[in-house]
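Undergrad: I'd like to ask some things about the structure below.
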Amino acid sequence: MRFFITTPIYYVNADPHVGHAYTTIAADILARFHRQCGDEVFFLTGTDEHGNKVAQAAAELGRTPKEHCDIVSERFRALVGQVNASNDFFIRTTDTEHEAFVQQFVQRLKEAGDIEKRAYGGLYCTACEGFYYERDLVDGKCPIHQIEPVWLEEENYYFLLSRYQDRLAEFFRSHPDWVKPRSRYNEALSFIEQGLEDISISRSSITWGVPVPWDPDQVIYVWVDALINYLSALTYARPGEELMRFWPPQLHVMAKDILKFHAVIWPALLMSAGYDLPDGEFIHGYLLMGGEKMSKTRGNVLDPFAVMKQYGIDALRFYLFREVTFGQDGVISMEGFAQRYNNELANELGNLVSRSASMIGKYRGGVVAQAVGGSDADLVREGAAMVAACRARLDDVEITAALEGIWEFVRRLNRYVEEQAPWKLAKDEAQAAQLDQVLYDLVAGLRLVALCLYPVMPGTAEEILDRLGQPQEASDLLLEKAAWEQAAPAAVRVGPSLFPRIETPE
Ligand code: MSP
């Protein structure tokens, strides 16, 4: 199977923050998981570089728009590396190939008869780069940025979105899982049912954008330009390779702030231009710190680079998806992080790995043998159930639930150590076979944990497998290999603490 997954392309008006990292990590978790299922994956992310907002930010810093984009886009690219995202391409909307494709795409809209020139006036939020209907404002302000939209009037090219009202509503009704979670699907459908107005898809007042092919005095509206990235990337991401076979994408991932653009405007544009619609969209919630959405527009940001440097990227990846149920809003804090880190990563997982390896070192000279008498049947069954549940949940984009299942099994393995008390078995020569079995089971159980944890904590998973002497090539990470008895008898290695405890000063 093919699995094409995308993140939003991020605006380069300001620096990346942990909210951007969050979406990119989510998409990375799903991309890695699908590779483990044997799927052919294409994972796309990048930066959105045109429009007023970016031109303004550049001007404020005394840079040309392009200079500014080069600098900030590079920071987003660096973030992708630092969060250990396995993206296949990083698109920039200032790539000439993208710009050329955008022109072709809007030409198709025109040929379909869906473009008209009209005078357009509307309430425009510059932070959203979008128009609002009066009815959607809260106290006259943009519901997302709490700033008053300005009246903007221009002669522009319109996309006749209203023509797609019935087709969109029909599409939604026949694809009830197209947008997940359901609350977001309902939101998008009710937006459509309230009636769609035609939208302006060009601007004559700004120059930082892709020229309208038939009227170079206008540039294409930044949102249209941006959405098309999902298609354009496939035309040039890997020169010489036909990537259009990945179209349509299996999943667009984003937060709820840009639902309307992706769930209403994007499918209409695709219908008009004659492309298949994506298979689905997953809309997650906001990471909140101190109860507010962390948004660069409001200047309330947390530097992901500092967080990662201090605690390690896998710990951050783990915390974000363990703490906040994926799909819902949730509060993140340093205190909460330190707690989960110490309790779950240091005590429960890290200790289990070091305990297991050091017992094998102490009692068996560092080498674990295949159990002769057969493994603990309950444990084997529970391990298989954990793998199956993890797989089903990740397939359903339930990342937090998948982690919960893995953690129950980590705790189960800790109890197993306590129950079996290998230190007692080691004192009794008659129990030698039982000790071999317990030690093998710990390696086999931890191997399953590592394989299931791999999408969320790739570095940690590989380190655990390495310490247990288990192979870690891409083909060894396939979930079809996640069976108990496939743990290899091997030499294990005790290493330094995987997660040294955080001592939080009072
Ligand atoms: N450029 C547009 C997207 C175009 S996609 C064709 C844009 N960019 S953005 O930089 O504002 O990114 C918005 C996205 O960043 C959100 O949809 C979400 O994926 C992510 N997030 C930004 N802040 C976030 C939180 N505080 N919490 C969760 N996600 C966050 O919109």
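Residues are named by chain letter and number: chains run A, B, ... in the order of the structure tokens, numbers start at 1 in each chain, and ligands are numbered from 1 in the order shown.
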Set the distance at 10 Å and use only C-alpha atoms: which residues neighbour A:Val138 once local chain neighbours fewer than 6 positions away are removed? I'd like the list as number ranges by chain.
TA: A: 144, 146-148
Undergrad: Dump the neighbourhood of ligand 1 as a PyMOL selection string: all residues within 9 Å, distances computed on only C-alpha atoms and all ligand atoms.
TA: chain A and resi 7-14+16-24+47-49+127-129+222-230+253-259+261-262+266+283-289+292-297+301+329-330
Undergrad: Write out as a VMD selection string which residues come within 12 Å of A:Gly130 when counting only C-alpha atoms, dropping same-chain ones fewer than 2 positions away.
TA: chain A and resid 51 to 53 122 to 128 132 to 133 142 144 to 145 149 to 152 199 to 203 221 to 224 257 to 258 260 to 261 265
Undergrad: Mind listing the alpha helix (DSSP H) residues of stretch 222-323 of chain A, per DSSP on the backbone, as a PyMOL selection string?
TA: chain A and resi 222-227+229-236+259-260+266-273+304-311+313-323
Undergrad: Quick one: pick out all strand (DSSP E or B) residues within stretch 77-114 of chain A from a backbone DSSP run and write them as a VMD selection string.
TA: chain A and resid 89 to 92
Undergrad: What is the distance, in Å and to one decimal place, between atom CA of A:Cys390 and atom CA of A:Asn351?
TA: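 These atoms are spaced 22.5 Å apart.
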Undergrad: When you look at A:Glu480 with a cut-off of 10 Å (counting only C-alpha atoms), what residues show up, excluding the ones that are within fewer than 6 positions of it in the same chain? I need them as a VMD selection string.
TA: chain A and resid 36 to 38 387
Undergrad: I want to know what sits within 12 Å of A:Pro422, based on only C-alpha atoms, with residues of the same chain fewer than 6 positions away left out; could you give that as a PDB file with N, CA and C atoms, in the first residue's frame?
TA:
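Result written to selection-v7.pdb:
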```pdb
ATOM      1  N   ARG A 355      17.824  -2.938  34.292  1.00  0.00           N
ATOM      2  CA  ARG A 355      17.725  -4.098  35.174  1.00  0.00           C
ATOM      3  C   ARG A 355      17.863  -5.398  34.384  1.00  0.00           C
ATOM      4  N   SER A 356      17.121  -5.466  33.308  1.00  0.00           N
ATOM      5  CA  SER A 356      17.140  -6.705  32.514  1.00  0.00           C
ATOM      6  C   SER A 356      18.548  -6.977  32.004  1.00  0.00           C
ATOM      7  N   SER A 358      21.392  -5.839  33.123  1.00  0.00           N
ATOM      8  CA  SER A 358      22.416  -6.138  34.140  1.00  0.00           C
ATOM      9  C   SER A 358      22.199  -7.511  34.775  1.00  0.00           C
ATOM     10  N   MET A 359      20.958  -7.978  34.870  1.00  0.00           N
ATOM     11  CA  MET A 359      20.742  -9.341  35.390  1.00  0.00           C
ATOM     12  C   MET A 359      21.304 -10.390  34.430  1.00  0.00           C
ATOM     13  N   ILE A 360      21.120 -10.110  33.136  1.00  0.00           N
ATOM     14  CA  ILE A 360      21.671 -11.046  32.146  1.00  0.00           C
ATOM     15  C   ILE A 360      23.210 -11.038  32.253  1.00  0.00           C
ATOM     16  N   LYS A 362      24.953 -10.337  34.961  1.00  0.00           N
ATOM     17  CA  LYS A 362      25.376 -10.920  36.240  1.00  0.00           C
ATOM     18  C   LYS A 362      25.168 -12.437  36.283  1.00  0.00           C
ATOM     19  N   TYR A 363      24.018 -12.898  35.803  1.00  0.00           N
ATOM     20  CA  TYR A 363      23.690 -14.316  35.961  1.00  0.00           C
ATOM     21  C   TYR A 363      24.068 -15.179  34.766  1.00  0.00           C
ATOM     22  N   ARG A 364      24.214 -14.534  33.604  1.00  0.00           N
ATOM     23  CA  ARG A 364      24.452 -15.354  32.409  1.00  0.00           C
ATOM     24  C   ARG A 364      25.605 -14.820  31.562  1.00  0.00           C
ATOM     25  N   TYR A 416       6.346  -8.537  36.275  1.00  0.00           N
ATOM     26  CA  TYR A 416       6.886  -9.877  35.980  1.00  0.00           C
ATOM     27  C   TYR A 416       8.251 -10.054  36.650  1.00  0.00           C
ATOM     28  N   ASP A 428      19.512 -20.674  43.116  1.00  0.00           N
ATOM     29  CA  ASP A 428      19.134 -22.091  43.190  1.00  0.00           C
ATOM     30  C   ASP A 428      19.439 -22.754  41.834  1.00  0.00           C
ATOM     31  N   GLN A 431      16.827 -24.122  39.560  1.00  0.00           N
ATOM     32  CA  GLN A 431      15.945 -23.179  38.853  1.00  0.00           C
ATOM     33  C   GLN A 431      16.617 -22.570  37.619  1.00  0.00           C
ATOM     34  N   ALA A 432      17.728 -23.157  37.213  1.00  0.00           N
ATOM     35  CA  ALA A 432      18.507 -22.551  36.118  1.00  0.00           C
ATOM     36  C   ALA A 432      17.678 -22.391  34.843  1.00  0.00           C
ATOM     37  N   ALA A 433      16.887 -23.403  34.495  1.00  0.00           N
ATOM     38  CA  ALA A 433      16.092 -23.320  33.261  1.00  0.00           C
ATOM     39  C   ALA A 433      15.031 -22.230  33.384  1.00  0.00           C
ATOM     40  N   GLN A 434      14.433 -22.156  34.580  1.00  0.00           N
ATOM     41  CA  GLN A 434      13.421 -21.116  34.823  1.00  0.00           C
ATOM     42  C   GLN A 434      14.045 -19.725  34.684  1.00  0.00           C
ATOM     43  N   LEU A 435      15.265 -19.567  35.204  1.00  0.00           N
ATOM     44  CA  LEU A 435      15.945 -18.269  35.094  1.00  0.00           C
ATOM     45  C   LEU A 435      16.222 -17.935  33.619  1.00  0.00           C
ATOM     46  N   ASP A 436      16.675 -18.926  32.865  1.00  0.00           N
ATOM     47  CA  ASP A 436      16.898 -18.699  31.420  1.00  0.00           C
ATOM     48  C   ASP A 436      15.623 -18.204  30.759  1.00  0.00           C
ATOM     49  N   GLN A 437      14.520 -18.832  31.141  1.00  0.00           N
ATOM     50  CA  GLN A 437      13.246 -18.489  30.524  1.00  0.00           C
ATOM     51  C   GLN A 437      12.836 -17.058  30.887  1.00  0.00           C
ATOM     52  N   VAL A 438      12.968 -16.708  32.155  1.00  0.00           N
ATOM     53  CA  VAL A 438      12.576 -15.361  32.587  1.00  0.00           C
ATOM     54  C   VAL A 438      13.420 -14.313  31.858  1.00  0.00           C
ATOM     55  N   LEU A 439      14.712 -14.576  31.775  1.00  0.00           N
ATOM     56  CA  LEU A 439      15.600 -13.592  31.125  1.00  0.00           C
ATOM     57  C   LEU A 439      15.283 -13.476  29.638  1.00  0.00           C
ATOM     58  N   TYR A 440      15.004 -14.613  29.010  1.00  0.00           N
ATOM     59  CA  TYR A 440      14.635 -14.567  27.592  1.00  0.00           C
ATOM     60  C   TYR A 440      13.322 -13.798  27.418  1.00  0.00           C
ATOM     61  N   ASP A 441      12.378 -14.060  28.302  1.00  0.00           N
ATOM     62  CA  ASP A 441      11.082 -13.378  28.202  1.00  0.00           C
ATOM     63  C   ASP A 441      11.220 -11.861  28.367  1.00  0.00           C
ATOM     64  N   LEU A 442      12.136 -11.463  29.220  1.00  0.00           N
ATOM     65  CA  LEU A 442      12.337 -10.017  29.377  1.00  0.00           C
ATOM     66  C   LEU A 442      12.871  -9.413  28.082  1.00  0.00           C
TER      67      LEU A 442
END
```
Undergrad: Which value, in Å to one decimal, gives the distance between atom CA of A:Tyr164 and atom CA of A:Arg135?
TA: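 Separation between atom CA of A:Tyr164 and atom CA of A:Arg135: 21.0 Å.
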Undergrad: Can you measure atom CA of A:Asp198 to atom CA of A:His50 for me? One decimal in Å is fine.
TA: 21.9 Å
